Amino acid sequence: MSRWAVLAARNLLRHGRRTFLTGSIVVVGFVAVTMTAGFVSQTFSSLKRATIRSVGGHLRILDPRAAGKTDDEAATILLDDWPALAGLLSRDTRIVQAMPKLSFFGLVVKGDKSAAYLGTGTIPALEKQASLAADTVVSGAFLSRNDADEVMLGTGLSRAIGAKAGDLVTVMTTTPDGGINAVDATVAAVLGYPIKELDDRILFMPYGAAARLLKAEGKANSVVVLLKDDRDTAREAEELPRALAAAGRPVVVKTWLDTAAFYKQVRLLYISIFFFMGLVLAVVVVLATANTMTMSVFERTREIGTLLAIGMERSSVRALFLLEGILLGVIGSGIGAVLSLLLRAALNASGIMLPPPPGATHGNVLHVDFIPLAYGAGFGVMSVTLLVAAWWPARRAARLNPVEALGHV
């Protein structure tokens with residue numbers, strides 16, 4: 001086999017221009033696949049982190065009555081005595097913190113202007129450590145005390161009512177028993193939230209003030225659990241309900257992925273695009289290589305006839321052309337891998353800022369992940385693709401009539 005490999009390599013070198021053109025297609029295809037895989041991986045990782053931080057944790061603990069309910073239906077069901085539940089959760093060494101969340105909505109008013117809001121009551125110290133809000137403060141300062149009558153508004157919401165940090169606003173809402181309540185609160189900070197729809201409606205309030213506003217002291221819509229390691233999410237989601245039920249506190253546990261519809265949609269979209277792009281690249285490489293190998297057979301007809309005339313078996317002729325295809329794929333992939341690593345290093349060091357994705361207000365710095373599986377798959381796919389592309393020309397070469405081939409002009 002080594003003798004045939006050497007002969008195949010010599011044939012590739014002998015037809016340098018054709019080898020260079022076809023190899024360039026392989027290199028470009030390999031670089032495109034690995035770079036796209038790295039970019040998509042980085043996009044998934046960033047979106048995953050942002051999704052987890054947007055809710056403040058990996059798991060949501062809900063009242064057992066929320067089982068089988070939609071998110072909107074579950075939002076009307078309150079957990080009783082969340083401090084006791086948080087105490088049980090603190091025994092788990094894989095948990096960093098357990099944070100109560102009160103969800104409410106209504107109108108926020110300043111002077112003669114008002115706007116609808118989506119409110120969250122939370123403990124400032126825990127929220128600052130776990131969520132995205134702490135990184136989005138545009139002006140003012142993050143919520144200070146758990147019992148302070150303060151709010152943080154999204155930029156869009158603050159603009160709608162003409163409020164800025166330090167202003168006094170009135171927050172109105174409907175309590176769980178159907179009454180209407182309101183509180184005057186100081187705008188502690190204005191947030192530049194990355195998701196525009198939320199930026200136009202989001203409002204944060206300390207848990208103590210929100211509980212007084214809703215008349216729901218000691219209650220919470222959910223308790224959000226932040227884990228030390230993302231990889232423990234599935235295990236904790238399975239084990240926590242059993243452990244808490246054994247302690248006399250049945251609950252429903254949902255992971256961040258259970259309610260991450262946007263993340264799932266974006267992931268499916270990127271996977272579909274990546275698959276389609278890979279399919280197009282494979283077709284281009286197959287057509288280009290098949291054309292090159294076919295032209296090679298025409299140009300080397302007399303050479304092939306000579307090899308058959310001196311006794312070379314037809315299977316050996318076929319194997320020779322197939323080896324040329326495989327070698328071209330392996331060498332092209334090797335060069336493509338080196339170029340991919342160099343290009344990745346250059347892009348990651350460039351600091352290029354990407355535009356905001358749909359529905360967002362902030363872009364991210366370009367970063368391409370290193371995905372060993374993509375490089376390994378690239379080698380395999382390109383080699384197999386070149387093998388498939390070389391099959392028809394190799395078959396044609398092996399079936400040539402030696403007498404006719406020797407007389408070919």
# chains A, B, ... in the order shown; residues from 1 in each chain; ligands from 1

$ select_by_dssp --residues "range 216-386 of chain A" --states "strand (DSSP E)" --output "mmCIF file with all heavy atoms, in the first residue's frame"
data_model
loop_
_atom_site.group_PDB
_atom_site.id
_atom_site.type_symbol
_atom_site.label_atom_id
_atom_site.label_comp_id
_atom_site.auth_asym_id
_atom_site.auth_seq_id
_atom_site.Cartn_x
_atom_site.Cartn_y
_atom_site.Cartn_z
ATOM 1 N N SER A 222 -41.426 31.802 43.025
ATOM 2 C CA SER A 222 -40.449 30.727 42.843
ATOM 3 C C SER A 222 -39.221 31.029 43.669
ATOM 4 O O SER A 222 -39.002 32.158 44.102
ATOM 5 C CB SER A 222 -40.059 30.592 41.365
ATOM 6 O OG SER A 222 -39.421 31.774 40.917
ATOM 7 N N VAL A 223 -38.426 29.997 43.889
ATOM 8 C CA VAL A 223 -37.104 30.145 44.493
ATOM 9 C C VAL A 223 -36.111 29.692 43.434
ATOM 10 O O VAL A 223 -36.166 28.548 42.962
ATOM 11 C CB VAL A 223 -36.956 29.309 45.777
ATOM 12 C CG1 VAL A 223 -35.512 29.345 46.272
ATOM 13 C CG2 VAL A 223 -37.895 29.830 46.857
ATOM 14 N N VAL A 224 -35.234 30.608 43.041
ATOM 15 C CA VAL A 224 -34.273 30.329 41.972
ATOM 16 C C VAL A 224 -32.975 29.839 42.588
ATOM 17 O O VAL A 224 -32.418 30.482 43.484
ATOM 18 C CB VAL A 224 -34.030 31.593 41.123
ATOM 19 C CG1 VAL A 224 -33.016 31.295 40.025
ATOM 20 C CG2 VAL A 224 -35.332 32.090 40.516
ATOM 21 N N VAL A 225 -32.500 28.710 42.079
ATOM 22 C CA VAL A 225 -31.311 28.059 42.637
ATOM 23 C C VAL A 225 -30.140 28.224 41.679
ATOM 24 O O VAL A 225 -30.237 27.889 40.490
ATOM 25 C CB VAL A 225 -31.574 26.561 42.878
ATOM 26 C CG1 VAL A 225 -30.302 25.854 43.333
ATOM 27 C CG2 VAL A 225 -32.682 26.390 43.915
ATOM 28 N N LEU A 226 -29.044 28.749 42.206
ATOM 29 C CA LEU A 226 -27.807 28.891 41.431
ATOM 30 C C LEU A 226 -26.850 27.778 41.834
ATOM 31 O O LEU A 226 -26.567 27.592 43.020
ATOM 32 C CB LEU A 226 -27.168 30.259 41.708
ATOM 33 C CG LEU A 226 -25.859 30.557 40.975
ATOM 34 C CD1 LEU A 226 -26.100 30.657 39.469
ATOM 35 C CD2 LEU A 226 -25.229 31.853 41.500
ATOM 36 N N LEU A 227 -26.359 27.028 40.851
ATOM 37 C CA LEU A 227 -25.464 25.908 41.106
ATOM 38 C C LEU A 227 -24.012 26.302 40.878
ATOM 39 O O LEU A 227 -23.715 27.242 40.144
ATOM 40 C CB LEU A 227 -25.814 24.736 40.178
ATOM 41 C CG LEU A 227 -27.237 24.192 40.271
ATOM 42 C CD1 LEU A 227 -27.454 23.099 39.235
ATOM 43 C CD2 LEU A 227 -27.529 23.646 41.667
ATOM 44 N N VAL A 252 -42.123 21.426 42.785
ATOM 45 C CA VAL A 252 -41.883 21.162 41.366
ATOM 46 C C VAL A 252 -40.596 21.877 40.993
ATOM 47 O O VAL A 252 -40.399 23.037 41.351
ATOM 48 C CB VAL A 252 -43.044 21.679 40.490
ATOM 49 C CG1 VAL A 252 -42.688 21.604 39.013
ATOM 50 C CG2 VAL A 252 -44.302 20.877 40.770
ATOM 51 N N VAL A 253 -39.705 21.184 40.280
ATOM 52 C CA VAL A 253 -38.425 21.761 39.876
ATOM 53 C C VAL A 253 -38.370 21.856 38.358
ATOM 54 O O VAL A 253 -38.621 20.872 37.658
ATOM 55 C CB VAL A 253 -37.233 20.915 40.396
ATOM 56 C CG1 VAL A 253 -35.912 21.503 39.895
ATOM 57 C CG2 VAL A 253 -37.245 20.857 41.916
ATOM 58 N N LYS A 254 -38.042 23.043 37.866
ATOM 59 C CA LYS A 254 -37.855 23.259 36.425
ATOM 60 C C LYS A 254 -36.443 23.780 36.189
ATOM 61 O O LYS A 254 -35.943 24.594 36.957
ATOM 62 C CB LYS A 254 -38.868 24.261 35.875
ATOM 63 C CG LYS A 254 -40.298 23.734 35.850
ATOM 64 C CD LYS A 254 -41.221 24.706 35.122
ATOM 65 C CE LYS A 254 -42.629 24.149 35.004
ATOM 66 N NZ LYS A 254 -43.525 25.055 34.237
ATOM 67 N N THR A 255 -35.814 23.291 35.125
ATOM 68 C CA THR A 255 -34.487 23.776 34.776
ATOM 69 C C THR A 255 -34.618 25.048 33.933
ATOM 70 O O THR A 255 -35.689 25.366 33.415
ATOM 71 C CB THR A 255 -33.689 22.729 33.984
ATOM 72 O OG1 THR A 255 -34.287 22.569 32.685
ATOM 73 C CG2 THR A 255 -33.686 21.389 34.699
#

$ residues_around --residues "Leu257 in chain A" --least-positions-apart "2" --cutoff "10 Å" --atoms "only C-alpha atoms" --output "ChimeraX atom specification"
/A:48,51-52,58-59,233,254-255,259-264

$ closest_residue --among "A:Ala125, A:Met152, A:Leu366, A:Val285" --to "Val26 in chain A" --atoms "only C-alpha atoms"
A:Val285

$ closest_residue --among "A:Leu328, A:Leu21, A:Leu78, A:Ala134" --to "Ser54 in chain A" --atoms "only C-alpha atoms"
A:Ala134

$ closest_residue --among "A:Ala209, A:Ala389, A:Ala394, A:Leu153" --to "Ala282 in chain A" --atoms "only C-alpha atoms"
A:Ala389

$ residues_around --residues "Phe276 in chain A" --least-positions-apart "6" --cutoff "12 Å" --atoms "only C-alpha atoms" --output "list of chain:residue names"
A:Val33, A:Thr36, A:Leu269, A:Tyr270, A:Ala282, A:Val283

$ write_last_selection --atoms "all heavy atoms" --output "PDB file, in the first residue's frame"
ATOM      1  N   VAL A  33     -15.918  25.244   7.727  1.00  0.00           N
ATOM      2  CA  VAL A  33     -16.644  24.365   8.647  1.00  0.00           C
ATOM      3  C   VAL A  33     -16.160  24.561  10.083  1.00  0.00           C
ATOM      4  O   VAL A  33     -16.954  24.710  11.017  1.00  0.00           O
ATOM      5  CB  VAL A  33     -16.495  22.894   8.216  1.00  0.00           C
ATOM      6  CG1 VAL A  33     -16.988  21.954   9.318  1.00  0.00           C
ATOM      7  CG2 VAL A  33     -17.269  22.639   6.927  1.00  0.00           C
ATOM      8  N   THR A  36     -17.035  28.112  11.433  1.00  0.00           N
ATOM      9  CA  THR A  36     -18.468  28.222  11.706  1.00  0.00           C
ATOM     10  C   THR A  36     -18.833  27.451  12.967  1.00  0.00           C
ATOM     11  O   THR A  36     -19.609  27.926  13.801  1.00  0.00           O
ATOM     12  CB  THR A  36     -19.290  27.704  10.518  1.00  0.00           C
ATOM     13  OG1 THR A  36     -18.929  28.438   9.342  1.00  0.00           O
ATOM     14  CG2 THR A  36     -20.770  27.866  10.770  1.00  0.00           C
ATOM     15  N   LEU A 269     -32.195  27.156  14.906  1.00  0.00           N
ATOM     16  CA  LEU A 269     -31.919  27.948  13.706  1.00  0.00           C
ATOM     17  C   LEU A 269     -30.454  27.815  13.297  1.00  0.00           C
ATOM     18  O   LEU A 269     -30.143  27.574  12.116  1.00  0.00           O
ATOM     19  CB  LEU A 269     -32.267  29.418  13.969  1.00  0.00           C
ATOM     20  CG  LEU A 269     -31.890  30.395  12.852  1.00  0.00           C
ATOM     21  CD1 LEU A 269     -32.688  30.100  11.592  1.00  0.00           C
ATOM     22  CD2 LEU A 269     -32.113  31.836  13.307  1.00  0.00           C
ATOM     23  N   TYR A 270     -29.526  27.967  14.260  1.00  0.00           N
ATOM     24  CA  TYR A 270     -28.109  27.893  13.943  1.00  0.00           C
ATOM     25  C   TYR A 270     -27.709  26.492  13.479  1.00  0.00           C
ATOM     26  O   TYR A 270     -26.890  26.347  12.562  1.00  0.00           O
ATOM     27  CB  TYR A 270     -27.278  28.300  15.159  1.00  0.00           C
ATOM     28  CG  TYR A 270     -27.005  29.780  15.236  1.00  0.00           C
ATOM     29  CD1 TYR A 270     -28.016  30.666  15.571  1.00  0.00           C
ATOM     30  CD2 TYR A 270     -25.747  30.299  14.978  1.00  0.00           C
ATOM     31  CE1 TYR A 270     -27.790  32.020  15.644  1.00  0.00           C
ATOM     32  CE2 TYR A 270     -25.502  31.655  15.040  1.00  0.00           C
ATOM     33  CZ  TYR A 270     -26.530  32.522  15.384  1.00  0.00           C
ATOM     34  OH  TYR A 270     -26.278  33.855  15.445  1.00  0.00           O
ATOM     35  N   ALA A 282     -20.058  20.439   0.928  1.00  0.00           N
ATOM     36  CA  ALA A 282     -19.768  19.066   0.510  1.00  0.00           C
ATOM     37  C   ALA A 282     -20.067  18.879  -0.978  1.00  0.00           C
ATOM     38  O   ALA A 282     -19.288  18.249  -1.706  1.00  0.00           O
ATOM     39  CB  ALA A 282     -20.581  18.076   1.350  1.00  0.00           C
ATOM     40  N   VAL A 283     -21.196  19.448  -1.449  1.00  0.00           N
ATOM     41  CA  VAL A 283     -21.559  19.324  -2.867  1.00  0.00           C
ATOM     42  C   VAL A 283     -20.525  20.031  -3.737  1.00  0.00           C
ATOM     43  O   VAL A 283     -20.093  19.509  -4.782  1.00  0.00           O
ATOM     44  CB  VAL A 283     -22.965  19.911  -3.109  1.00  0.00           C
ATOM     45  CG1 VAL A 283     -23.258  20.003  -4.603  1.00  0.00           C
ATOM     46  CG2 VAL A 283     -24.020  19.051  -2.426  1.00  0.00           C
TER      47      VAL A 283
END

$ closest_residue --among "A:Arg314, A:Lys228, A:Lys101, A:Arg396" --to "Ala216 in chain A" --atoms "only C-alpha atoms"
A:Lys101

$ residues_around --residues "Leu323 in chain A" --least-positions-apart "2" --cutoff "9 Å" --atoms "only C-alpha atoms" --output "list in words"
Trp4, Ala5, Ala8, Ala9, Arg318, Ala319, Leu320, Phe321, Gly325, Ile326, Leu327, Leu328, Leu387 and Ala390 of chain A

$ closest_residue --among "A:Ala32, A:Val40, A:Val338, A:Ala148" --to "Ile271 in chain A" --atoms "only C-alpha atoms"
A:Val40
